[in-house]
Amino acid sequence: MTFIKGVKETLSKAFSSRIFYIIFSLLASFAIWLYVAYAENPDVSTGISGIRVELRNADYLTDRGLVVTYVSSDTLSLRFLGKRNVVSILSRDNVTASVDLSEIKRAGTYTLPYKVNYPINVAESSVSVTARSADTIVVIVDNLVKKDIPVRGVYDGGVAQGYRAEPMEISPSVITVSGPQEIISRIDHAWVNILRENISKTVDETVGVVLMDENGEEVRSEFVTLSQDTVEVIIPVVMVKDVPLTVNLTPGAGADERNTLVTISPSYVTLSGDAETLNALNQIVLGTIDLKSFALSTSQKFSIAIPNNTQNLTGTMEATVSVTVEGLETRRIQTTNIQTTNETEGYHYAIITQSLDVLLRGEGDDLEDVDPANVRVVADLSALGNTVGTYTVPAKVYVDGKDSVGAVGSYTVTVIAISSSSQGT
């Protein structure tokens with residue numbers, strides 16, 4: 001009895017508590033809602049806007065060389081009537097309107113019906129459409145054409161000082177556009193923009209293209225398809241440097257770089273190319289001038305050889321070098337002191353040239369002191385080897401006792417080579 005009494009008291013307290021009444025009220029409300037929604041379940045009407053219009057079987061048009069250029073409406077507003085539990089499921093996210101394009105066989109304007117598509121858990125027969133923002137959809141179809149167009153672009157953002165931008169390289173340089181004939185006929189080229197300034201190194205970017213007409217106005221259309229909508233753009237940037245021209249001088253006959261005046265025209269060339277190459281290039285040596293090869297002045301032309309992977313922006317391919325010897329004089333001396341060197345063993349040589357007119361150069365006082373007997377001509381016979389006959393060979397001129405005086409120009413001596421064995425017979 002005590003146990004039963006305790007249970008009664010516990011239940012009495014529970015049923016009389018505030019929490020019990022709150023829970024009971026919620027359960028009662030839910031039960032009433034279920035009854036109204038399902039047992040009663042009245043017909044209700046609701047409107048939905050923003051329902052997407054979908055074009056079905058567009059691939060049929062593509063196969064027939066056609067393309068849609070206009071749709072009268074992308075979305076619709078519809079009002080539905082049906083049971084509350086059905087209509088409550090519908091929304092703009094699960095209801096669409098589809099237009100069938102499969103029967104269109106040529107370009108033109110078509111007024112087409114549309115079908116309302118419901119979610120999979122809603123039967124079409126359970127809902128009716130009582131109002132529409134449009135009864136049909138108007139579609140305009142044009143001939144589908146393709147066209148190859150060039151891709152162009154110009155960089156005008158400038159380069160850093162000491163650098164030069166080469167012409168822009170675009171890859172691919174041609175793309176294909178396809179779409180309605182009326183729109184494609186207006187497209188002249190594709191354009192790329194490079195949003196850079198004061199660049200100092202080569203730019204390599206993937207850039208989107210913009211379709212343009214022949215007047216440079218942009219052509220926009222959602223019905224145009226591109227073979228690719230981006231291209232690779234390279235703007236080669238090279239260093240630019242003024243490089244001086246120079247020559248090497250071989251001293252002799254009293255002349256060296258201290259008493260010669262060298263003039264080069266042009267004095268420098270402007271090169272563009274790889275920065276590493278040009279940073280290491282401080283001058284271009286045109287060649288060598290032997291100061292013994294002329295008396296007091298000479299003018300010679302040299303080709304300007306530039307390093308690989310560089311470009312001569314000046315455009316001048318040849319330089320003129322003028323050399324003048326200053327403070328020296330010349331004197332002609334006739335000498336008979338002619339000798340030979342580098343004779344081949346077993347051969348005898350007879351010197352035919354008995355006298356040479358030698359042009360000497362040096363300071364005036366030193367020239368006056370030169371004795372003709374001290375002017376020695378030595379013919380080099382090393383090139384004759386084991387040959388016999390009469391030959392003209394090169395010769396060098398020595399001025400004994402006068403290091404500051406020397407001969408200018410080139411000299412030769414004629415000799416006869418005879419084999420010693422044949423001479424004995």
# chains A, B, ... in the order shown; residues from 1 in each chain; ligands from 1

call {"tool": "closest_atom_pairs", "arguments": {"of": "range 212-237 of chain A", "to": "range 177-194 of chain A", "cutoff": "7 Å", "atoms": "only C-alpha atoms", "output": "JSON lines"}}
result
{"residue": "A:Met212", "atom": "CA", "partner": "A:His189", "partner_atom": "CA", "distance": 5.5}
{"residue": "A:Asp213", "atom": "CA", "partner": "A:Asp188", "partner_atom": "CA", "distance": 4.7}
{"residue": "A:Glu214", "atom": "CA", "partner": "A:Asp188", "partner_atom": "CA", "distance": 5.2}
{"residue": "A:Val219", "atom": "CA", "partner": "A:Ile187", "partner_atom": "CA", "distance": 6.7}
{"residue": "A:Phe223", "atom": "CA", "partner": "A:Gly179", "partner_atom": "CA", "distance": 5.9}
{"residue": "A:Val224", "atom": "CA", "partner": "A:Gly179", "partner_atom": "CA", "distance": 4.6}
{"residue": "A:Thr225", "atom": "CA", "partner": "A:Ser178", "partner_atom": "CA", "distance": 5.2}
{"residue": "A:Leu226", "atom": "CA", "partner": "A:Val177", "partner_atom": "CA", "distance": 4.6}
{"residue": "A:Ser227", "atom": "CA", "partner": "A:Val177", "partner_atom": "CA", "distance": 6.3}

call {"tool": "write_last_selection", "arguments": {"atoms": "C-alpha atoms", "output": "PDB file, in the first residue's frame"}}
result
ATOM      1  CA  MET A 212      36.285  43.136 -81.554  1.00  0.00           C
ATOM      2  CA  ASP A 213      34.758  44.460 -84.760  1.00  0.00           C
ATOM      3  CA  GLU A 214      36.731  46.238 -87.477  1.00  0.00           C
ATOM      4  CA  VAL A 219      31.344  42.389 -79.725  1.00  0.00           C
ATOM      5  CA  PHE A 223      25.706  32.685 -78.275  1.00  0.00           C
ATOM      6  CA  VAL A 224      29.304  32.871 -79.561  1.00  0.00           C
ATOM      7  CA  THR A 225      31.662  29.998 -78.783  1.00  0.00           C
ATOM      8  CA  LEU A 226      35.451  30.338 -78.921  1.00  0.00           C
ATOM      9  CA  SER A 227      37.916  27.546 -79.636  1.00  0.00           C
TER      10      SER A 227
END

call {"tool": "residues_around", "arguments": {"residues": "range 64-77 of chain A", "least_positions_apart": "4", "cutoff": "8 Å", "atoms": "only C-alpha atoms", "output": "PyMOL selection string"}}
result
chain A and resi 47-54+58+60+97+105-107+132-134+137-145+179-180+223

call {"tool": "select_by_dssp", "arguments": {"residues": "range 76-246 of chain A", "states": "helix (DSSP H, G or I)", "output": "ChimeraX atom specification"}}
result
/A:84-87,124-126,181-184

call {"tool": "write_last_selection", "arguments": {"atoms": "C-alpha atoms", "output": "PDB file, in the first residue's frame"}}
result
ATOM      1  CA  ARG A  84      -1.654  21.797 -49.555  1.00  0.00           C
ATOM      2  CA  ASN A  85       0.754  18.925 -48.924  1.00  0.00           C
ATOM      3  CA  VAL A  86       1.667  18.872 -52.657  1.00  0.00           C
ATOM      4  CA  VAL A  87       1.835  22.574 -53.433  1.00  0.00           C
ATOM      5  CA  GLU A 124       1.811  16.156 -62.781  1.00  0.00           C
ATOM      6  CA  SER A 125      -1.869  15.265 -62.405  1.00  0.00           C
ATOM      7  CA  SER A 126      -1.896  16.462 -58.788  1.00  0.00           C
ATOM      8  CA  GLN A 181      25.924  34.219 -88.756  1.00  0.00           C
ATOM      9  CA  GLU A 182      24.738  37.751 -88.006  1.00  0.00           C
ATOM     10  CA  ILE A 183      27.054  38.073 -85.014  1.00  0.00           C
ATOM     11  CA  ILE A 184      30.060  36.197 -86.405  1.00  0.00           C
TER      12      ILE A 184
END

call {"tool": "residues_around", "arguments": {"residues": "Thr414 in chain A", "least_positions_apart": "5", "cutoff": "7 Å", "atoms": "only C-alpha atoms", "output": "PyMOL selection string"}}
result
chain A and resi 351-353+391-393

call {"tool": "write_last_selection", "arguments": {"atoms": "C-alpha atoms", "output": "mmCIF file, in the first residue's frame"}}
result
data_model
loop_
_atom_site.group_PDB
_atom_site.id
_atom_site.type_symbol
_atom_site.label_atom_id
_atom_site.label_comp_id
_atom_site.auth_asym_id
_atom_site.auth_seq_id
_atom_site.Cartn_x
_atom_site.Cartn_y
_atom_site.Cartn_z
ATOM 1 C CA ILE A 351 120.478 36.750 -103.065
ATOM 2 C CA ILE A 352 119.227 38.395 -106.246
ATOM 3 C CA THR A 353 118.044 41.629 -104.591
ATOM 4 C CA TYR A 391 111.558 32.824 -104.988
ATOM 5 C CA THR A 392 110.467 36.109 -103.488
ATOM 6 C CA VAL A 393 110.331 35.822 -99.715
#

call {"tool": "atom_distance", "arguments": {"atom1": "CA of Ala123 in chain A", "atom2": "CA of Thr136 in chain A"}}
result
22.6 Å

call {"tool": "select_by_dssp", "arguments": {"residues": "range 52-217 of chain A", "states": "strand (DSSP E or B)", "output": "ChimeraX atom specification"}}
result
/A:52-56,66-71,75-83,96-100,108-112,115-117,127-132,137-153,159,163-165,169-171,174-180,189-192,199,203-208,210-212

call {"tool": "atom_distance", "arguments": {"atom1": "CA of Gly153 in chain A", "atom2": "CA of Glu276 in chain A"}}
result
28.6 Å

call {"tool": "atom_distance", "arguments": {"atom1": "CA of Ser322 in chain A", "atom2": "CA of Val243 in chain A"}}
result
18.9 Å

call {"tool": "closest_residue", "arguments": {"among": "A:Asp43, A:Ser128, A:Glu222, A:Pro113", "to": "Phe80 in chain A", "atoms": "only C-alpha atoms"}}
result
A:Ser128

call {"tool": "closest_residue", "arguments": {"among": "A:Ala383, A:Ile289, A:Leu278, A:Ala305", "to": "Leu245 in chain A", "atoms": "only C-alpha atoms"}}
result
A:Ala305

call {"tool": "closest_residue", "arguments": {"among": "A:Asn259, A:Glu363, A:Pro236, A:Ile23", "to": "Asp204 in chain A", "atoms": "only C-alpha atoms"}}
result
A:Pro236

call {"tool": "residues_around", "arguments": {"residues": "range 285-287 of chain A", "least_positions_apart": "4", "cutoff": "12 Å", "atoms": "only C-alpha atoms", "output": "PyMOL selection string"}}
result
chain A and resi 243-250+264-269+281+300-307+317-321

call {"tool": "residues_around", "arguments": {"residues": "Thr390 in chain A", "least_positions_apart": "4", "cutoff": "12 Å", "atoms": "only C-alpha atoms", "output": "list in words"}}
result
His348, Tyr349, Ala350, Ile351, Ile352, Thr353, Leu381, Leu384, Val413, Thr414, Val415, Ile416, Ala417 and Ile418 of chain A

call {"tool": "write_last_selection", "arguments": {"atoms": "N, CA and C atoms", "output": "CSV table (one decimal), in the first residue's frame"}}
result
chain,number,residue,atom,x,y,z
A,348,HIS,N,121.9,25.8,-101.0
A,348,HIS,CA,122.7,27.1,-101.1
A,348,HIS,C,121.8,28.2,-101.7
A,349,TYR,N,121.9,29.4,-101.2
A,349,TYR,CA,121.0,30.4,-101.6
A,349,TYR,C,121.8,31.6,-102.1
A,350,ALA,N,121.4,32.1,-103.2
A,350,ALA,CA,122.0,33.3,-103.8
A,350,ALA,C,121.0,34.5,-103.8
A,351,ILE,N,121.4,35.6,-103.2
A,351,ILE,CA,120.5,36.7,-103.1
A,351,ILE,C,120.5,37.6,-104.4
A,352,ILE,N,119.3,37.6,-105.0
A,352,ILE,CA,119.2,38.4,-106.2
A,352,ILE,C,119.1,39.9,-106.0
A,353,THR,N,118.3,40.2,-105.0
A,353,THR,CA,118.0,41.6,-104.6
A,353,THR,C,119.3,42.2,-103.9
A,381,LEU,N,113.8,32.4,-95.0
A,381,LEU,CA,113.7,31.4,-96.0
A,381,LEU,C,113.0,30.1,-95.5
A,384,LEU,N,110.7,28.0,-97.7
A,384,LEU,CA,111.2,27.4,-99.0
A,384,LEU,C,111.4,25.9,-98.8
A,413,VAL,N,112.5,40.1,-100.6
A,413,VAL,CA,113.8,39.8,-101.2
A,413,VAL,C,113.7,38.6,-102.1
A,414,THR,N,114.3,38.7,-103.3
A,414,THR,CA,114.3,37.6,-104.2
A,414,THR,C,115.6,36.8,-104.1
A,415,VAL,N,115.4,35.5,-104.0
A,415,VAL,CA,116.6,34.6,-103.8
A,415,VAL,C,116.5,33.4,-104.8
A,416,ILE,N,117.7,32.8,-105.0
A,416,ILE,CA,117.7,31.5,-105.8
A,416,ILE,C,118.1,30.4,-104.9
A,417,ALA,N,117.3,29.4,-104.8
A,417,ALA,CA,117.6,28.2,-104.0
A,417,ALA,C,118.2,27.1,-104.8
A,418,ILE,N,119.4,26.6,-104.4
A,418,ILE,CA,120.1,25.6,-105.2
A,418,ILE,C,120.5,24.5,-104.2

call {"tool": "closest_residue", "arguments": {"among": "A:Ser293, A:Ser25, A:Gln311, A:Asn282", "to": "Ala407 in chain A", "atoms": "only C-alpha atoms"}}
result
A:Ser293
